[in-house]
>>> print(open('coords.txt').read())   # compact mmCIF, C-alpha atoms
# COMPACT_ATOMS: atom_id res chain seq x y z
CA MET K 173 26.74 10.74 -0.53
CA GLU K 174 30.42 11.43 0.19
CA ASN K 175 30.15 10.13 3.74
CA LEU K 176 29.01 6.75 2.44
CA ILE K 177 31.87 6.22 0.02
CA LEU K 178 33.57 3.85 2.45
CA GLU K 179 30.91 1.24 1.93
CA LYS K 180 29.50 1.98 -1.51
CA HIS K 181 30.45 2.20 -5.13
CA PRO K 182 28.53 3.58 -8.14
CA ASN K 183 26.00 1.24 -9.72
CA GLU K 184 26.56 1.08 -13.47
CA ASN K 185 22.98 -0.12 -14.04
CA TYR K 186 21.51 2.56 -11.77
CA LYS K 187 19.10 4.14 -14.27
CA GLN K 188 17.67 0.84 -15.46
CA ASP K 189 17.39 -0.45 -11.90
CA ILE K 190 15.55 2.56 -10.47
CA LYS K 191 13.19 2.58 -13.45
CA TYR K 192 12.44 -1.10 -12.83
CA VAL K 193 11.88 -0.45 -9.12
CA ILE K 194 9.41 2.43 -9.36
CA LYS K 195 7.76 1.80 -12.74
CA GLN K 196 4.53 0.21 -11.48
CA ASN K 197 3.83 2.82 -8.80
CA HIS K 198 4.94 5.57 -11.15
CA ILE K 199 2.22 4.78 -13.70
CA LEU K 200 -0.68 4.86 -11.24
CA LEU K 201 0.64 7.83 -9.27
CA ARG K 202 0.91 9.81 -12.49
CA ILE K 203 -2.70 8.92 -13.34
CA LEU K 204 -3.80 10.07 -9.86
CA GLY K 205 -1.83 13.30 -10.16
CA ILE K 206 0.40 12.74 -7.13
CA TRP K 207 3.70 11.52 -8.58
CA PRO K 208 6.45 13.60 -6.93
CA LEU K 209 9.31 14.65 -9.19
CA LEU K 210 12.66 13.66 -7.72
CA GLU K 211 15.11 15.77 -9.70
CA ARG K 212 13.34 19.13 -10.18
CA ASP K 213 10.29 21.18 -9.27
CA LEU K 214 7.09 21.17 -11.30
CA SER K 215 6.68 23.69 -14.10
CA VAL K 216 3.60 25.92 -14.19
CA TYR K 217 1.99 23.73 -16.85
CA GLU K 218 2.70 20.55 -14.87
CA THR K 219 1.30 22.13 -11.72
CA ILE K 220 -1.94 23.06 -13.49
CA CYS K 221 -2.29 19.54 -14.92
CA LYS K 222 -1.59 18.07 -11.49
CA ILE K 223 -4.30 20.19 -9.84
CA LEU K 224 -6.79 19.33 -12.58
CA LEU K 225 -6.09 15.60 -12.20
CA ILE K 226 -6.57 15.78 -8.44
CA ILE K 227 -9.85 17.69 -8.84
CA ILE K 228 -11.11 15.18 -11.43
CA CYS K 229 -10.18 12.17 -9.28
CA CYS K 230 -11.76 13.65 -6.15
CA THR K 231 -14.91 14.51 -8.13
CA LEU K 232 -15.19 10.98 -9.51
CA ILE K 233 -14.81 9.44 -6.04
CA CYS K 234 -17.38 11.84 -4.57
CA PHE K 235 -19.71 11.06 -7.46
CA GLU K 236 -19.69 7.47 -6.23
CA GLY K 237 -20.04 8.08 -2.50
CA ILE K 238 -22.28 11.11 -1.97
CA PRO K 239 -25.32 9.97 -4.04
CA SER K 240 -25.09 6.52 -2.42
CA MET K 241 -25.05 8.07 1.04
CA LEU K 242 -28.05 10.26 0.16
CA TYR K 243 -29.85 7.19 -1.15
CA CYS K 244 -29.33 5.34 2.13
CA LEU K 245 -30.41 8.33 4.22
CA LEU K 246 -33.16 10.07 2.23
CA VAL K 247 -34.93 7.57 -0.02
CA PRO K 248 -37.82 6.04 1.98
CA GLU K 249 -38.80 3.41 -0.58
CA GLY K 250 -37.16 0.04 -0.95
CA GLU K 251 -36.34 -2.85 1.31
CA PRO K 252 -33.90 -2.37 4.19
CA GLY K 253 -31.79 -5.18 2.72
CA SER K 254 -31.20 -3.23 -0.49
CA LYS K 255 -29.96 -0.24 1.50
CA LEU K 256 -27.70 -2.45 3.58
CA LYS K 257 -26.14 -3.64 0.33
CA MET K 258 -25.24 -0.04 -0.48
CA ILE K 259 -23.35 0.53 2.77
CA ALA K 260 -20.30 -1.46 1.59
CA PRO K 261 -19.67 0.56 -1.60
CA THR K 262 -20.46 3.80 0.23
CA VAL K 263 -17.90 3.00 2.93
CA TYR K 264 -15.38 2.01 0.27
CA SER K 265 -15.88 5.33 -1.54
CA PHE K 266 -15.24 7.48 1.51
CA THR K 267 -12.34 5.25 2.60
CA ALA K 268 -10.78 5.67 -0.85
CA LEU K 269 -11.27 9.44 -0.61
CA ALA K 270 -9.55 9.47 2.80
CA LYS K 271 -6.63 7.38 1.48
CA TYR K 272 -6.33 9.64 -1.56
CA GLY K 273 -6.26 12.70 0.68
CA ALA K 274 -3.56 11.09 2.83
CA LEU K 275 -1.43 10.41 -0.26
CA ILE K 276 -1.80 14.04 -1.35
CA VAL K 277 -0.94 15.40 2.11
CA TYR K 278 2.11 13.13 2.44
CA GLU K 279 3.43 13.70 -1.07
CA ASN K 280 6.63 15.33 0.23
CA GLU K 281 7.27 12.34 2.48
CA ILE K 282 6.72 9.99 -0.49
CA ARG K 283 9.27 12.05 -2.42
CA SER K 284 11.78 11.75 0.42
CA CYS K 285 11.34 7.96 0.56
CA LEU K 286 11.78 7.63 -3.19
CA ARG K 287 14.88 9.81 -3.13
CA HIS K 288 16.27 7.63 -0.35
CA ILE K 289 15.65 4.52 -2.45
CA LYS K 290 17.16 6.20 -5.49
CA ASP K 291 20.35 7.05 -3.58
CA ASP K 292 20.65 3.48 -2.32
CA TRP K 293 20.44 2.21 -5.89
CA ARG K 294 22.88 4.81 -7.21
CA PHE K 295 25.57 3.60 -4.78
CA VAL K 296 25.33 -0.06 -3.78
CA ALA K 297 27.23 -1.62 -0.89
CA ILE K 298 30.63 -3.16 -1.56
CA VAL K 299 29.59 -6.65 -0.53
CA SER K 300 28.99 -9.66 -2.70
CA ASN K 301 25.55 -9.87 -4.32
CA ALA K 302 24.30 -6.58 -2.80
CA ARG K 303 22.57 -5.59 -6.04
CA ASP K 304 21.12 -9.10 -6.44
CA ILE K 305 19.64 -8.92 -2.94
CA MET K 306 18.00 -5.58 -3.73
CA LEU K 307 16.64 -6.91 -7.03
CA GLU K 308 15.26 -10.00 -5.30
CA LYS K 309 13.31 -7.91 -2.78
CA THR K 310 12.15 -5.61 -5.56
CA LYS K 311 10.68 -8.60 -7.40
CA VAL K 312 8.74 -9.53 -4.26
CA ALA K 313 7.35 -5.98 -4.03
CA ARG K 314 6.39 -6.02 -7.71
CA SER K 315 4.67 -9.39 -7.26
CA MET K 316 2.59 -7.97 -4.40
CA PHE K 317 1.67 -4.99 -6.57
CA THR K 318 0.59 -7.32 -9.40
CA ILE K 319 -1.53 -9.47 -7.05
CA CYS K 320 -3.32 -6.37 -5.77
CA CYS K 321 -3.92 -5.18 -9.33
CA VAL K 322 -5.38 -8.50 -10.46
CA PHE K 323 -7.69 -8.94 -7.47
CA LEU K 324 -8.85 -5.34 -7.16
CA TYR K 325 -9.42 -4.59 -10.82
CA CYS K 326 -11.10 -7.94 -11.46
CA ALA K 327 -13.33 -7.68 -8.37
CA GLY K 328 -13.98 -3.97 -8.60
CA LEU K 329 -14.56 -3.49 -12.29
CA SER K 330 -16.72 -6.62 -12.47
CA TYR K 331 -18.83 -5.12 -9.66
CA GLN K 332 -19.08 -1.93 -11.71
CA THR K 333 -20.31 -3.80 -14.80
CA ILE K 334 -21.45 -7.40 -14.20
CA VAL K 335 -23.59 -6.74 -11.12
CA PRO K 336 -25.80 -3.97 -12.61
CA LEU K 337 -26.00 -5.48 -16.09
CA SER K 338 -26.87 -8.98 -14.81
CA ARG K 339 -29.85 -7.66 -12.89
CA GLY K 340 -31.52 -6.23 -15.97
CA GLY K 341 -34.37 -3.75 -15.81
CA ILE K 342 -36.72 -3.87 -12.81
CA VAL K 343 -40.38 -3.06 -13.48
CA THR K 344 -42.13 -1.32 -10.59
CA HIS K 345 -45.84 -1.44 -9.63
CA ASP K 346 -46.31 1.78 -11.60
CA ASN K 347 -45.02 0.04 -14.75
CA VAL K 348 -41.78 2.05 -14.64
CA THR K 349 -38.56 0.29 -15.64
CA ILE K 350 -35.64 0.92 -13.29
CA ARG K 351 -32.22 0.28 -14.77
CA PRO K 352 -29.82 -0.63 -11.95
CA LEU K 353 -26.46 1.02 -11.37
CA ALA K 354 -23.42 -0.33 -9.57
CA TYR K 355 -23.89 2.44 -7.00
CA ALA K 356 -27.57 3.17 -6.46
CA GLY K 357 -27.86 6.85 -5.69
CA TYR K 358 -30.14 9.77 -5.03
CA PHE K 359 -29.34 12.41 -7.64
CA VAL K 360 -30.98 15.64 -6.56
CA LEU K 361 -30.57 17.64 -9.77
CA PHE K 362 -31.62 15.09 -12.42
CA ASP K 363 -33.31 11.75 -13.03
CA GLU K 364 -30.58 9.17 -13.55
CA GLN K 365 -33.01 6.75 -15.26
CA ARG K 366 -33.53 8.93 -18.31
CA SER K 367 -31.25 8.67 -21.31
CA PRO K 368 -28.57 9.87 -21.76
CA ALA K 369 -28.28 10.57 -18.00
CA TYR K 370 -28.20 6.84 -17.20
CA GLU K 371 -25.40 6.15 -19.66
CA ILE K 372 -23.39 9.14 -18.38
CA VAL K 373 -23.81 8.09 -14.73
CA PHE K 374 -22.87 4.49 -15.57
CA THR K 375 -19.69 5.66 -17.32
CA LEU K 376 -18.71 8.08 -14.56
CA GLN K 377 -19.23 5.37 -11.94
CA PHE K 378 -16.98 3.05 -13.93
CA PHE K 379 -14.14 5.59 -14.03
CA GLY K 380 -14.78 6.54 -10.41
CA GLY K 381 -14.34 2.88 -9.49
CA PHE K 382 -11.08 2.77 -11.45
CA VAL K 383 -9.77 5.76 -9.47
CA MET K 384 -10.76 4.20 -6.12
CA TYR K 385 -9.14 0.87 -6.91
CA SER K 386 -6.02 2.63 -8.16
CA VAL K 387 -5.73 4.55 -4.88
CA THR K 388 -5.89 1.28 -2.94
CA ILE K 389 -3.34 -0.41 -5.21
CA VAL K 390 -0.94 2.53 -4.85
CA THR K 391 -1.24 2.32 -1.06
CA TYR K 392 -0.23 -1.35 -1.13
CA GLY K 393 2.38 -0.77 -3.82
CA LEU K 394 4.18 1.95 -1.89
CA ALA K 395 4.05 -0.06 1.33
CA ALA K 396 5.54 -3.10 -0.43
CA LEU K 397 8.19 -1.01 -2.18
CA PHE K 398 9.35 0.79 0.98
CA VAL K 399 9.34 -2.23 3.27
CA MET K 400 11.02 -4.62 0.84
CA HIS K 401 13.71 -2.05 0.14
CA ALA K 402 14.33 -1.72 3.89
CA CYS K 403 14.50 -5.52 4.18
CA ALA K 404 17.09 -5.64 1.41
CA GLN K 405 19.18 -3.05 3.23
CA MET K 406 18.94 -5.11 6.43
CA LYS K 407 20.20 -8.19 4.57
CA ILE K 408 23.14 -6.14 3.30
CA LEU K 409 23.72 -4.82 6.84
CA MET K 410 24.07 -8.39 8.11
CA MET K 411 26.65 -9.08 5.41
CA LEU K 412 28.58 -5.96 6.44
CA MET K 413 28.53 -7.15 10.05
CA GLU K 414 29.94 -10.53 9.03
CA ASP K 415 32.65 -8.78 7.03
CA LEU K 416 33.43 -6.56 10.03
CA VAL K 417 34.55 -9.49 12.19
CA ASP K 418 36.31 -11.39 9.42
CA GLU K 419 39.49 -12.63 11.07
CA ARG K 420 41.48 -12.13 7.88
CA VAL K 421 40.97 -8.32 7.88
CA CYS K 422 40.65 -7.44 11.58
CA LYS K 423 43.24 -4.68 11.42
CA GLU K 424 42.57 -1.52 13.39
CA LYS K 425 42.35 0.87 10.43
CA THR K 426 40.19 -1.47 8.39
CA VAL K 427 37.92 -2.14 11.37
CA ASP K 428 37.39 1.60 11.90
CA GLU K 429 36.23 2.05 8.31
CA LYS K 430 33.91 -0.93 8.49
CA LEU K 431 32.47 0.16 11.83
CA ILE K 432 31.63 3.52 10.27
CA ALA K 433 29.96 1.72 7.35
CA VAL K 434 27.89 -0.52 9.64
CA VAL K 435 26.77 2.33 11.92
CA GLU K 436 25.88 4.64 9.04
CA ARG K 437 23.85 1.97 7.29
CA GLN K 438 22.09 0.99 10.52
CA ILE K 439 21.10 4.60 11.20
CA ARG K 440 20.09 5.12 7.57
CA ILE K 441 17.79 2.07 7.64
CA ARG K 442 16.24 3.18 10.92
CA ASN K 443 15.57 6.70 9.60
CA PHE K 444 14.08 5.33 6.39
CA LEU K 445 11.69 3.04 8.29
CA CYS K 446 10.51 5.93 10.48
CA LEU K 447 9.91 8.05 7.38
CA ALA K 448 8.08 5.21 5.59
CA GLU K 449 5.86 4.59 8.61
CA ASP K 450 4.98 8.29 8.90
CA THR K 451 4.17 8.34 5.18
CA LEU K 452 1.84 5.32 5.18
CA GLN K 453 0.32 5.21 8.66
CA LYS K 454 -2.84 7.16 7.79
CA SER K 455 -3.51 5.23 4.57
CA SER K 456 -2.89 1.92 6.34
CA LEU K 457 -5.28 2.86 9.14
CA PHE K 458 -8.06 3.76 6.70
CA GLU K 459 -7.39 0.53 4.81
CA ILE K 460 -7.67 -1.70 7.88
CA LEU K 461 -10.81 -0.02 9.22
CA GLY K 462 -12.44 0.12 5.80
CA ASN K 463 -11.59 -3.49 4.97
CA THR K 464 -13.03 -4.74 8.27
CA ILE K 465 -16.36 -3.06 7.51
CA MET K 466 -16.21 -4.08 3.85
CA MET K 467 -15.74 -7.79 4.56
CA CYS K 468 -18.68 -7.70 6.96
CA PHE K 469 -21.10 -6.15 4.46
CA VAL K 470 -19.78 -8.07 1.45
CA GLY K 471 -20.47 -11.30 3.35
CA TYR K 472 -24.00 -10.05 3.97
CA CYS K 473 -24.41 -9.24 0.26
CA ILE K 474 -23.32 -12.78 -0.64
CA LEU K 475 -26.07 -14.22 1.57
CA MET K 476 -28.67 -11.87 0.11
CA GLU K 477 -27.74 -12.63 -3.49
CA TRP K 478 -27.58 -16.37 -2.76
CA ARG K 479 -31.08 -16.21 -1.29
CA ASP K 480 -32.33 -14.38 -4.40
CA GLY K 481 -30.62 -16.87 -6.72
CA ASN K 482 -28.34 -14.32 -8.44
CA THR K 483 -25.40 -16.59 -9.29
CA ALA K 484 -23.44 -13.97 -11.22
CA ASN K 485 -23.70 -11.51 -8.35
CA VAL K 486 -22.70 -14.18 -5.82
CA CYS K 487 -19.56 -14.94 -7.83
CA THR K 488 -18.74 -11.23 -8.10
CA PHE K 489 -19.13 -10.66 -4.37
CA LEU K 490 -17.06 -13.78 -3.63
CA VAL K 491 -14.25 -12.34 -5.75
CA ALA K 492 -14.64 -9.03 -3.89
CA LEU K 493 -14.44 -10.83 -0.53
CA ALA K 494 -11.36 -12.74 -1.68
CA SER K 495 -9.82 -9.48 -2.87
CA ASP K 496 -10.37 -7.77 0.48
CA THR K 497 -8.97 -10.78 2.34
CA VAL K 498 -5.86 -11.11 0.15
CA ASN K 499 -5.14 -7.38 0.23
CA ILE K 500 -5.37 -7.04 4.00
CA PHE K 501 -3.23 -10.19 4.33
CA LEU K 502 -0.56 -8.66 2.08
CA LEU K 503 -0.56 -5.45 4.11
CA CYS K 504 -0.17 -7.37 7.37
CA TYR K 505 2.43 -9.68 5.79
CA ILE K 506 4.49 -6.62 4.85
CA GLY K 507 4.52 -5.52 8.47
CA GLU K 508 5.33 -9.04 9.66
CA HIS K 509 8.17 -9.33 7.15
CA ILE K 510 9.94 -6.18 8.33
CA THR K 511 9.66 -7.32 11.95
CA ALA K 512 11.02 -10.78 11.11
CA THR K 513 13.94 -9.32 9.16
CA ALA K 514 14.77 -6.95 12.02
CA ASP K 515 14.77 -9.95 14.36
CA GLU K 516 17.27 -11.65 12.04
CA VAL K 517 19.54 -8.61 12.34
CA ALA K 518 19.27 -8.73 16.15
CA LEU K 519 20.09 -12.44 16.15
CA LYS K 520 23.04 -11.83 13.84
CA THR K 521 24.53 -9.31 16.29
CA ASN K 522 24.21 -11.90 19.06
CA MET K 523 26.11 -14.44 16.98
CA LEU K 524 28.90 -12.12 15.82
CA GLU K 525 32.39 -13.18 16.82
CA TRP K 526 33.16 -9.68 18.10
CA TYR K 527 36.15 -10.93 20.14
CA ARG K 528 38.13 -10.97 16.91
CA LEU K 529 38.09 -7.17 16.85
CA PRO K 530 40.94 -5.12 18.30
CA ALA K 531 40.44 -4.74 22.05
CA ARG K 532 39.80 -0.99 21.89
CA ARG K 533 37.08 -1.46 19.24
CA THR K 534 34.97 -4.15 20.91
CA ARG K 535 33.20 -1.58 23.10
CA TYR K 536 31.69 0.03 19.98
CA MET K 537 29.81 -3.19 19.28
CA VAL K 538 27.66 -2.57 22.35
CA LEU K 539 25.78 0.31 20.73
CA ILE K 540 25.39 -1.61 17.47
CA ILE K 541 23.90 -4.57 19.36
CA ILE K 542 21.58 -2.33 21.40
CA MET K 543 20.30 -0.51 18.31
CA SER K 544 19.75 -3.83 16.51
CA HIS K 545 17.50 -5.00 19.35
CA ILE K 546 15.16 -2.00 19.08
CA PRO K 547 12.01 -3.49 17.47
CA SER K 548 11.30 -2.41 13.90
CA LYS K 549 7.63 -2.39 12.97
CA ILE K 550 5.15 -0.67 10.72
CA THR K 551 1.97 0.60 12.32
CA ALA K 552 -1.37 1.91 11.11
CA GLY K 553 -2.20 5.15 12.85
CA LYS K 554 0.63 4.61 15.37
CA PHE K 555 -1.43 2.11 17.37
CA ILE K 556 -2.24 -0.90 15.14
CA VAL K 557 0.88 -2.96 14.49
CA LEU K 558 0.80 -4.53 11.04
CA SER K 559 1.42 -8.25 11.60
CA LEU K 560 -0.17 -11.61 10.94
CA LYS K 561 -1.79 -11.36 14.38
CA THR K 562 -3.49 -8.16 13.22
CA PHE K 563 -4.74 -10.01 10.14
CA GLY K 564 -6.32 -12.61 12.40
CA ASP K 565 -7.90 -9.88 14.53
CA VAL K 566 -9.34 -8.19 11.44
CA MET K 567 -10.86 -11.46 10.22
CA LYS K 568 -12.36 -12.22 13.63
CA SER K 569 -13.78 -8.69 13.92
CA ALA K 570 -15.33 -8.91 10.45
CA VAL K 571 -16.99 -12.24 11.31
CA VAL K 572 -18.34 -10.86 14.61
CA TYR K 573 -19.78 -7.76 12.93
CA PHE K 574 -21.22 -9.92 10.16
CA ASN K 575 -23.05 -12.12 12.68
CA ILE K 576 -24.43 -9.03 14.44
CA LEU K 577 -25.56 -7.56 11.13
CA ARG K 578 -27.21 -10.79 10.03
CA THR K 579 -29.04 -11.11 13.36
CA VAL K 580 -30.30 -7.53 13.29
CA ALA K 581 -31.28 -7.67 9.60
CA ASP K 582 -33.21 -10.91 10.05
>>> encode(input="coords.txt", output="structure tokens")
Amino acid sequence: MENLILEKHPNENYKQDIKYVIKQNHILLRILGIWPLLERDLSVYETICKILLIIICCTLICFEGIPSMLYCLLVPEGEPGSKLKMIAPTVYSFTALAKYGALIVYENEIRSCLRHIKDDWRFVAIVSNARDIMLEKTKVARSMFTICCVFLYCAGLSYQTIVPLSRGGIVTHDNVTIRPLAYAGYFVLFDEQRSPAYEIVFTLQFFGGFVMYSVTIVTYGLAALFVMHACAQMKILMMLMEDLVDERVCKEKTVDEKLIAVVERQIRIRNFLCLAEDTLQKSSLFEILGNTIMMCFVGYCILMEWRDGNTANVCTFLVALASDTVNIFLLCYIGEHITATADEVALKTNMLEWYRLPARRTRYMVLIIIMSHIPSKITAGKFIVLSLKTFGDVMKSAVVYFNILRTVAD
């Protein structure tokens, strides 16, 4: 950090601040076994525990998705509508597994992003209210994380419990009582309706659901944390630019130091955004594609349950639909926010009173202005730009697919 000493000074509250910033994501990432240590390598014991946690989480997710897929493909009995209802949770299971795999694969990139954030908090910019700006953006990221937690855990865990328990036992023509599960499945090796197999399957599905929802929350939490931190750094960059052209301190030596500070911070922000996008692009892509399909089939489930008069199930699916809608909106809002903040930086460079600088230093402003006008955006899979327009496209696509599904099913 020696090359940044011109613009930064040590933050006395560094340890408390960084703990506050990463605490929420830290808890869930530790549960999922993918929290990257920032200061040291894992010990042998920690590595074994990490591998065991990953194996357990993957097993729980597969325990949700694979039997449901086999049920849809291999079980001939039952109405087509009941199998269509199972497509949404099956898709969600495999989407969660894909997102979890992406988080595991990109663990080193997550570590690099967190180290970058940690360094920014260790040495804050020497401008007024720099730490307050960073704390303000952190609070926004934490609020997004909390909203995702509330919606996903309420919608998901109620689907895991309220939906199957509200149906009660179903008596078949052969006088056999079928006890419903959240994820109807075809279990090749045992009969899930016998006790204690039913109770074990019900419990495993509950914990499998918790893992899947936690993976989704972590995806949103990391996206919010990275983007809001970048936005805070852009706000500080604009303050450094204003200080650069302050007519009271436009001396050649002082200007040189401040130019170095502005350029270094601009490059540092740009590099961080590229790293954050590479880290989250796969997870974001799976989230957008999965949510589009989910909203389509959840809407279909609402119609089916409404037709059958299952009020509790209708309410549960409505909460699930609201959860999917809010979550995809937050993800697109994050992308829109970084683009809007980058546009503010570009506008600020246009409004700078650069003529106050020494004549030989004004030419250096050209590169700063050009770099500020390079668009900053977060994409999913390098081809879907996260923005409010994308949110509208997702909603329209979900409605179109829902209408097609309803027409074909009827």
>>> closest_residue(input="coords.txt", among="K:Gly507, K:Gly471, K:Gly380, K:Gly393", to="K:Tyr355", atoms="all atoms listed in the file")
K:Gly380
>>> atom_distance(input="coords.txt", atom1="atom CA of K:His509", atom2="atom CA of K:Gln405")
13.3 Å
>>> residues_around(input="coords.txt", residues="K:Phe323", least_positions_apart="6", cutoff="9 Å", atoms="all atoms listed in the file", output="PDB file with C-alpha atoms, in the coordinates of the input")
ATOM      1  CA  VAL K 491     -14.250 -12.340  -5.750  1.00  0.00           C
ATOM      2  CA  ALA K 492     -14.640  -9.030  -3.890  1.00  0.00           C
ATOM      3  CA  ALA K 494     -11.360 -12.740  -1.680  1.00  0.00           C
ATOM      4  CA  SER K 495      -9.820  -9.480  -2.870  1.00  0.00           C
ATOM      5  CA  ASP K 496     -10.370  -7.770   0.480  1.00  0.00           C
ATOM      6  CA  VAL K 498      -5.860 -11.110   0.150  1.00  0.00           C
ATOM      7  CA  ASN K 499      -5.140  -7.380   0.230  1.00  0.00           C
TER       8      ASN K 499
END
>>> atom_distance(input="coords.txt", atom1="atom CA of K:Gln377", atom2="atom CA of K:Arg578")
28.4 Å
>>> residues_around(input="coords.txt", residues="K:Ile408", least_positions_apart="6", cutoff="12 Å", atoms="only C-alpha atoms", output="number ranges by chain")
K: 179-180, 292, 296-306, 309, 401-402, 414-415, 433-434, 437-438, 441, 513, 516-517, 520
>>> residues_around(input="coords.txt", residues="stretch 547-558 of chain K", least_positions_apart="6", cutoff="8 Å", atoms="only C-alpha atoms", output="list in words")
Leu445, Glu449, Leu452, Gln453, Lys454, Ser455, Ser456, Leu457, Ile460, Leu503, Cys504, Tyr505, Ile506, Gly507, Glu508, Ile510, Thr511, Ala514 and Asp515 of chain K
>>> atom_distance(input="coords.txt", atom1="atom CA of K:Cys234", atom2="atom CA of K:Tyr325")
19.3 Å
>>> decode(input="coords.txt", residues="stretch 265-312 of chain K", atoms="C-alpha atoms", output="mmCIF file, in the first residue's frame")
data_model
loop_
_atom_site.group_PDB
_atom_site.id
_atom_site.type_symbol
_atom_site.label_atom_id
_atom_site.label_comp_id
_atom_site.auth_asym_id
_atom_site.auth_seq_id
_atom_site.Cartn_x
_atom_site.Cartn_y
_atom_site.Cartn_z
ATOM 1 C CA SER K 265 -32.494 -27.209 -7.128
ATOM 2 C CA PHE K 266 -30.240 -27.558 -10.143
ATOM 3 C CA THR K 267 -29.883 -23.776 -10.449
ATOM 4 C CA ALA K 268 -28.786 -23.631 -6.803
ATOM 5 C CA LEU K 269 -26.296 -26.447 -7.439
ATOM 6 C CA ALA K 270 -24.877 -24.542 -10.434
ATOM 7 C CA LYS K 271 -24.574 -21.321 -8.384
ATOM 8 C CA TYR K 272 -22.932 -23.224 -5.539
ATOM 9 C CA GLY K 273 -20.442 -24.759 -7.957
ATOM 10 C CA ALA K 274 -19.674 -21.309 -9.390
ATOM 11 C CA LEU K 275 -18.997 -19.957 -5.884
ATOM 12 C CA ILE K 276 -16.629 -22.858 -5.198
ATOM 13 C CA VAL K 277 -14.786 -22.446 -8.507
ATOM 14 C CA TYR K 278 -14.419 -18.677 -8.037
ATOM 15 C CA GLU K 279 -13.371 -18.819 -4.388
ATOM 16 C CA ASN K 280 -9.942 -17.340 -5.147
ATOM 17 C CA GLU K 281 -11.565 -14.432 -6.976
ATOM 18 C CA ILE K 282 -13.887 -13.869 -3.999
ATOM 19 C CA ARG K 283 -10.809 -13.806 -1.771
ATOM 20 C CA SER K 284 -9.146 -11.220 -4.014
ATOM 21 C CA CYS K 285 -12.244 -8.991 -3.929
ATOM 22 C CA LEU K 286 -12.479 -9.217 -0.150
ATOM 23 C CA ARG K 287 -8.788 -8.422 0.235
ATOM 24 C CA HIS K 288 -9.270 -5.414 -2.025
ATOM 25 C CA ILE K 289 -12.145 -4.211 0.158
ATOM 26 C CA LYS K 290 -10.125 -4.866 3.287
ATOM 27 C CA ASP K 291 -7.223 -2.747 1.996
ATOM 28 C CA ASP K 292 -9.581 0.094 1.121
ATOM 29 C CA TRP K 293 -10.926 0.064 4.661
ATOM 30 C CA ARG K 294 -7.473 -0.176 6.228
ATOM 31 C CA PHE K 295 -6.390 3.049 4.502
ATOM 32 C CA VAL K 296 -9.193 5.518 3.768
ATOM 33 C CA ALA K 297 -8.867 8.506 1.455
ATOM 34 C CA ILE K 298 -7.797 11.834 2.919
ATOM 35 C CA VAL K 299 -11.007 13.622 1.991
ATOM 36 C CA SER K 300 -13.800 14.756 4.230
ATOM 37 C CA ASN K 301 -16.364 12.094 5.140
ATOM 38 C CA ALA K 302 -14.643 9.313 3.137
ATOM 39 C CA ARG K 303 -15.307 6.756 5.875
ATOM 40 C CA ASP K 304 -18.907 7.966 6.260
ATOM 41 C CA ILE K 305 -19.496 7.496 2.528
ATOM 42 C CA MET K 306 -18.174 3.937 2.699
ATOM 43 C CA LEU K 307 -20.312 3.173 5.754
ATOM 44 C CA GLU K 308 -23.396 4.590 4.041
ATOM 45 C CA LYS K 309 -22.954 2.318 1.024
ATOM 46 C CA THR K 310 -22.234 -0.617 3.322
ATOM 47 C CA LYS K 311 -25.560 -0.053 5.063
ATOM 48 C CA VAL K 312 -27.307 -0.191 1.683
#
